[in-house]
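Structure data follow from target19.txt (compact mmCIF, C-alpha atoms):
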# COMPACT_ATOMS: atom_id res chain seq x y z
CA MET U 1 -17.69 -15.70 15.04
CA HIS U 2 -20.70 -13.42 14.61
CA VAL U 3 -20.34 -10.36 12.42
CA HIS U 4 -21.17 -8.10 15.38
CA ASN U 5 -18.35 -9.60 17.48
CA ALA U 6 -15.94 -9.30 14.55
CA LEU U 7 -16.84 -5.64 14.12
CA ARG U 8 -16.39 -5.05 17.82
CA GLN U 9 -12.88 -6.50 17.57
CA VAL U 10 -12.14 -4.46 14.47
CA ALA U 11 -13.46 -1.37 16.24
CA ALA U 12 -10.63 -1.83 18.71
CA LEU U 13 -8.29 -1.15 15.81
CA PHE U 14 -9.33 2.47 15.86
CA ALA U 15 -10.34 3.03 19.47
CA LEU U 16 -8.64 6.33 20.19
CA ALA U 17 -8.04 7.56 23.69
CA LEU U 18 -7.38 11.28 23.52
CA ALA U 19 -5.15 12.07 26.43
CA ALA U 20 -4.92 15.79 25.95
CA LEU U 21 -6.09 18.75 23.93
CA SER U 22 -4.03 21.36 25.67
CA CYS U 23 -4.50 19.23 28.80
CA ALA U 24 -8.19 18.33 28.34
CA PRO U 25 -8.79 14.56 28.64
CA ALA U 26 -11.29 12.73 26.45
CA HIS U 27 -13.51 9.70 26.65
CA ALA U 28 -12.78 6.79 24.32
CA GLY U 29 -14.24 7.26 20.88
CA SER U 30 -16.30 5.16 18.58
CA PHE U 31 -16.63 4.41 14.90
CA THR U 32 -19.21 6.38 13.03
CA ASP U 33 -21.88 4.51 11.07
CA PHE U 34 -19.95 5.45 7.89
CA ALA U 35 -16.79 3.75 9.18
CA GLU U 36 -18.68 0.67 10.36
CA ASN U 37 -20.24 0.25 6.91
CA LYS U 38 -16.83 0.66 5.24
CA LEU U 39 -15.31 -1.98 7.52
CA VAL U 40 -18.11 -4.49 6.90
CA ASP U 41 -17.75 -4.02 3.14
CA THR U 42 -13.95 -4.30 3.33
CA ILE U 43 -13.63 -7.26 5.69
CA PHE U 44 -16.57 -9.39 4.65
CA ARG U 45 -17.57 -8.19 1.20
CA GLY U 46 -14.19 -7.75 -0.51
CA GLN U 47 -14.62 -4.05 -1.27
CA ALA U 48 -11.88 -1.39 -1.23
CA SER U 49 -11.57 0.18 2.20
CA GLY U 50 -11.30 3.78 1.14
CA ILE U 51 -8.92 4.39 4.03
CA PRO U 52 -7.14 7.66 3.24
CA ALA U 53 -3.39 8.25 3.11
CA SER U 54 -3.86 11.03 5.68
CA TRP U 55 -6.34 11.51 8.51
CA TYR U 56 -7.67 14.97 9.33
CA ILE U 57 -8.27 15.82 12.96
CA GLY U 58 -11.15 18.27 13.53
CA LEU U 59 -12.71 19.98 16.54
CA ASP U 60 -16.43 20.26 17.34
CA THR U 61 -18.43 22.61 19.54
CA THR U 62 -21.08 19.95 20.20
CA ALA U 63 -20.86 16.36 21.29
CA CYS U 64 -20.45 14.05 18.31
CA GLY U 65 -22.06 10.69 17.89
CA GLU U 66 -22.06 7.43 16.01
CA THR U 67 -23.94 9.02 13.12
CA GLY U 68 -20.86 11.19 12.58
CA SER U 69 -22.82 14.32 13.33
CA GLY U 70 -21.41 17.28 15.19
CA THR U 71 -20.85 20.99 14.78
CA GLU U 72 -17.33 21.67 13.57
CA VAL U 73 -15.52 24.86 14.54
CA THR U 74 -15.53 27.45 11.75
CA GLY U 75 -13.76 30.74 11.08
CA GLY U 76 -11.00 32.45 13.00
CA SER U 77 -8.20 30.60 11.14
CA TYR U 78 -9.59 27.19 12.12
CA ALA U 79 -8.56 24.25 9.91
CA ARG U 80 -8.41 20.50 10.35
CA VAL U 81 -4.92 19.13 10.90
CA ALA U 82 -3.61 16.46 8.52
CA VAL U 83 -1.62 13.52 9.88
CA THR U 84 -0.18 11.29 7.17
CA SER U 85 -0.27 7.56 7.83
CA SER U 86 3.42 6.64 8.15
CA LEU U 87 6.02 5.04 10.39
CA ALA U 88 7.43 8.50 11.09
CA ASN U 89 4.10 9.98 12.23
CA TRP U 90 2.72 7.07 14.25
CA ALA U 91 4.72 5.04 16.80
CA GLY U 92 5.27 1.31 16.49
CA THR U 93 3.59 -0.92 19.06
CA GLN U 94 6.91 -1.61 20.78
CA SER U 95 7.38 1.90 22.21
CA ALA U 96 6.21 5.48 22.04
CA GLY U 97 8.24 7.44 19.52
CA SER U 98 9.35 4.36 17.58
CA THR U 99 9.67 4.92 13.82
CA THR U 100 10.18 1.29 12.78
CA ALA U 101 7.59 -1.33 11.86
CA SER U 102 5.60 -2.58 14.85
CA THR U 103 7.02 -5.54 16.76
CA GLY U 104 5.58 -4.96 20.23
CA THR U 105 2.70 -6.56 22.08
CA SER U 106 0.86 -3.48 23.34
CA GLY U 107 -1.38 -3.13 20.29
CA THR U 108 -1.10 0.63 20.75
CA THR U 109 0.26 3.41 18.59
CA SER U 110 0.37 7.15 19.19
CA ASN U 111 1.26 10.33 17.35
CA ASN U 112 5.04 10.81 17.20
CA GLY U 113 4.81 14.58 16.82
CA ALA U 114 2.57 17.31 18.12
CA ILE U 115 -0.72 17.79 16.28
CA THR U 116 -1.21 21.55 16.40
CA PHE U 117 -4.14 23.54 15.09
CA PRO U 118 -3.75 27.12 13.84
CA ALA U 119 -3.85 29.81 16.51
CA PRO U 120 -7.41 31.17 16.78
CA THR U 121 -7.97 34.65 15.35
CA ALA U 122 -11.58 34.67 16.58
CA ASN U 123 -13.44 32.86 19.34
CA TRP U 124 -13.91 29.19 18.40
CA GLY U 125 -16.26 28.55 21.30
CA VAL U 126 -16.37 25.61 23.64
CA VAL U 127 -14.82 22.52 22.05
CA ASN U 128 -16.61 19.37 23.23
CA SER U 129 -15.42 16.70 20.82
CA VAL U 130 -12.94 15.62 18.16
CA ARG U 131 -13.70 13.89 14.89
CA VAL U 132 -11.26 12.10 12.60
CA TRP U 133 -12.01 12.76 8.93
CA ASP U 134 -10.91 11.39 5.56
CA ALA U 135 -10.64 14.87 3.96
CA SER U 136 -9.35 18.34 4.80
CA SER U 137 -12.85 19.76 4.34
CA ALA U 138 -16.24 18.12 3.92
CA GLY U 139 -15.52 14.37 3.60
CA ASN U 140 -16.60 11.65 6.01
CA ALA U 141 -16.09 11.42 9.75
CA TRP U 142 -14.73 7.97 10.68
CA LEU U 143 -14.25 8.39 14.42
CA CYS U 144 -15.82 10.50 17.12
CA PHE U 145 -14.44 11.35 20.57
CA ASN U 146 -16.12 13.45 23.22
CA LEU U 147 -13.76 15.35 25.51
CA ALA U 148 -14.02 14.53 29.21
CA VAL U 149 -13.57 18.25 29.90
CA ALA U 150 -14.74 20.82 27.38
CA LYS U 151 -12.14 23.38 26.30
CA THR U 152 -13.01 27.02 25.59
CA ILE U 153 -10.86 28.39 22.78
CA ASN U 154 -10.85 32.15 22.26
CA ASN U 155 -9.17 34.68 20.00
CA GLY U 156 -5.57 35.15 21.12
CA ASP U 157 -5.32 31.79 22.91
CA ALA U 158 -2.33 29.60 22.19
CA ALA U 159 -2.80 27.23 19.27
CA PRO U 160 -4.66 24.12 20.53
CA SER U 161 -2.44 21.06 20.35
CA PHE U 162 -2.19 17.36 21.08
CA ALA U 163 1.31 16.73 22.45
CA ALA U 164 3.38 13.90 20.98
CA GLY U 165 1.99 10.65 22.34
CA ALA U 166 -1.34 12.19 23.40
CA LEU U 167 -3.45 10.81 20.56
CA THR U 168 -3.37 7.03 20.91
CA VAL U 169 -4.85 4.21 18.88
CA GLN U 170 -5.30 0.86 20.57
CA ILE U 171 -5.65 -2.16 18.31
CA ASP U 172 -5.88 -4.95 20.83
CA ASN U 173 -5.16 -5.57 24.49

Entire entry expressed as structure tokens:
Amino acid sequence: MHVHNALRQVAALFALALAALSCAPAHAGSFTDFAENKLVDTIFRGQASGIPASWYIGLDTTACGETGSGTEVTGGSYARVAVTSSLANWAGTQSAGSTTASTGTSGTTSNNGAITFPAPTANWGVVNSVRVWDASSAGNAWLCFNLAVAKTINNGDAAPSFAAGALTVQIDN
């Protein structure tokens, strides 16, 4: 097996399909270069993965890319949302909402609870993409997802949210 094919298979571990950000669909995401390097070092070079205990979901006003670049929303009460890696927070592969160890064949997990950002107290602008980070601020972007439909978020709007089951991770299919 070539390293490139192995990485492609591993990339499926984190291929997120964002079904909704207050009803805005997204295109499938991709690893950032940072994440790809971490995976190569972990899988083939015996190095610690550096995978965090919590992931931080962030919103961008520009399209993000494999380099991990983007322009994150700032101000107006914006903050990344932490989602701890746990059986309670992510469904088992056997069914949506499951809180037991995975035993299914779907290779897919999803968020068991809503992932809700703070309500905007200023205009956040037009959100075009989502990045998954390893820290609540600064840090490294591991995944990047461009929304299929951009979402304008203004002062006074309802808090943007991914409904339970809307953020999915497909490992293999």

#### Entry: Å distance separating CA of Gly65 (chain U) from CA of Asn111 (chain U), one decimal place
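Between these atoms lies a distance of 23.3 Å.
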
### Query
If you measure from CA of Lys151 (chain U) to CA of Pro52 (chain U), what distance in Å do you get, rounded to one decimal?
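For CA of Lys151 (chain U) relative to CA of Pro52 (chain U), the distance reads 28.4 Å.
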
### Query
Restricting the calculation to all atoms listed in the file, which member of U:Ala164, U:Ala101, U:Ile57, U:Ala135 is positioned closest to Val81 (chain U)?
U:Ile57

### Task
Quick one: pull the distance between CA of Ala122 (chain U) and CA of Thr61 (chain U), Å, one decimal.
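Going from CA of Ala122 (chain U) over to CA of Thr61 (chain U), I get 14.2 Å.
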
### Task
Point out the residue among U:Ala158, U:Val40, U:Ala79, U:Ala96 with the least atom-to-atom distance to Leu59 (chain U), counting only C-alpha atoms.
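Comparing U:Ala158, U:Val40, U:Ala79, U:Ala96 against Leu59 (chain U), the winner is U:Ala79.
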
### Task
Considering only C-alpha atoms, return as a PyMOL selection string whatever protein or nucleic-acid residues lie within 12 Å of Asp33 (chain U), sequence-local ones (same chain, fewer than 3 positions apart) excluded.
chain U and resi 7+11+30+36-40+65-69+140-144

Select from region 58-102 of chain U every residue with an atom at most 8 Å from any atom of region 115-121 of chain U, then for each give the shortest pair of atoms and their distance in Å to one decimal, using only C-alpha atoms, rows by chain and rising number, as a Markdown table.
| residue | atom | partner | partner_atom | distance |
| --- | --- | --- | --- | --- |
| U:Gly76 | CA | U:Thr121 | CA | 4.4 |
| U:Ser77 | CA | U:Pro120 | CA | 5.7 |
| U:Tyr78 | CA | U:Pro118 | CA | 6.1 |
| U:Ala79 | CA | U:Pro118 | CA | 6.8 |
| U:Arg80 | CA | U:Phe117 | CA | 7.1 |
| U:Val81 | CA | U:Phe117 | CA | 6.1 |
| U:Val83 | CA | U:Ile115 | CA | 7.7 |

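Compared by their closest atoms to Trp55 (chain U), and using all atoms listed in the file, the residues U:Asn128, U:Thr168, U:Ser136, U:Ser110 rank with U:Ser136 nearest.
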
N, CA, C and O atoms modelled onto region 29-41 of chain U, as a JSON list (two decimals), in the frame of the given file:
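Here's the written file rebuild_24.json:
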[["chain", "number", "residue", "atom", "x", "y", "z"],
["U", 29, "GLY", "N", -13.38, 6.95, 22.00],
["U", 29, "GLY", "CA", -14.24, 7.26, 20.88],
["U", 29, "GLY", "C", -14.90, 6.03, 20.30],
["U", 29, "GLY", "O", -14.75, 4.92, 20.79],
["U", 30, "SER", "N", -15.65, 6.26, 19.24],
["U", 30, "SER", "CA", -16.30, 5.16, 18.58],
["U", 30, "SER", "C", -16.32, 5.40, 17.08],
["U", 30, "SER", "O", -16.21, 6.53, 16.61],
["U", 31, "PHE", "N", -16.46, 4.31, 16.34],
["U", 31, "PHE", "CA", -16.63, 4.41, 14.90],
["U", 31, "PHE", "C", -17.93, 5.15, 14.62],
["U", 31, "PHE", "O", -18.91, 5.01, 15.33],
["U", 32, "THR", "N", -17.95, 5.83, 13.52],
["U", 32, "THR", "CA", -19.21, 6.38, 13.03],
["U", 32, "THR", "C", -19.89, 5.28, 12.22],
["U", 32, "THR", "O", -19.27, 4.26, 11.86],
["U", 33, "ASP", "N", -21.17, 5.48, 11.91],
["U", 33, "ASP", "CA", -21.88, 4.51, 11.07],
["U", 33, "ASP", "C", -21.18, 4.37, 9.72],
["U", 33, "ASP", "O", -21.08, 3.27, 9.17],
["U", 34, "PHE", "N", -20.67, 5.48, 9.17],
["U", 34, "PHE", "CA", -19.95, 5.45, 7.89],
["U", 34, "PHE", "C", -18.77, 4.48, 7.98],
["U", 34, "PHE", "O", -18.59, 3.62, 7.10],
["U", 35, "ALA", "N", -17.96, 4.61, 9.03],
["U", 35, "ALA", "CA", -16.79, 3.75, 9.18],
["U", 35, "ALA", "C", -17.19, 2.29, 9.36],
["U", 35, "ALA", "O", -16.56, 1.39, 8.80],
["U", 36, "GLU", "N", -18.22, 2.04, 10.16],
["U", 36, "GLU", "CA", -18.68, 0.67, 10.36],
["U", 36, "GLU", "C", -19.09, 0.03, 9.04],
["U", 36, "GLU", "O", -18.75, -1.13, 8.77],
["U", 37, "ASN", "N", -19.83, 0.78, 8.22],
["U", 37, "ASN", "CA", -20.24, 0.25, 6.91],
["U", 37, "ASN", "C", -19.03, -0.04, 6.02],
["U", 37, "ASN", "O", -18.99, -1.06, 5.33],
["U", 38, "LYS", "N", -18.04, 0.87, 6.03],
["U", 38, "LYS", "CA", -16.83, 0.66, 5.24],
["U", 38, "LYS", "C", -16.10, -0.61, 5.70],
["U", 38, "LYS", "O", -15.61, -1.39, 4.87],
["U", 39, "LEU", "N", -16.02, -0.81, 7.00],
["U", 39, "LEU", "CA", -15.31, -1.98, 7.52],
["U", 39, "LEU", "C", -16.03, -3.28, 7.17],
["U", 39, "LEU", "O", -15.39, -4.26, 6.79],
["U", 40, "VAL", "N", -17.36, -3.30, 7.29],
["U", 40, "VAL", "CA", -18.11, -4.49, 6.90],
["U", 40, "VAL", "C", -17.86, -4.81, 5.43],
["U", 40, "VAL", "O", -17.57, -5.95, 5.07],
["U", 41, "ASP", "N", -17.96, -3.79, 4.57],
["U", 41, "ASP", "CA", -17.75, -4.02, 3.14],
["U", 41, "ASP", "C", -16.33, -4.46, 2.83],
["U", 41, "ASP", "O", -16.10, -5.27, 1.94]]
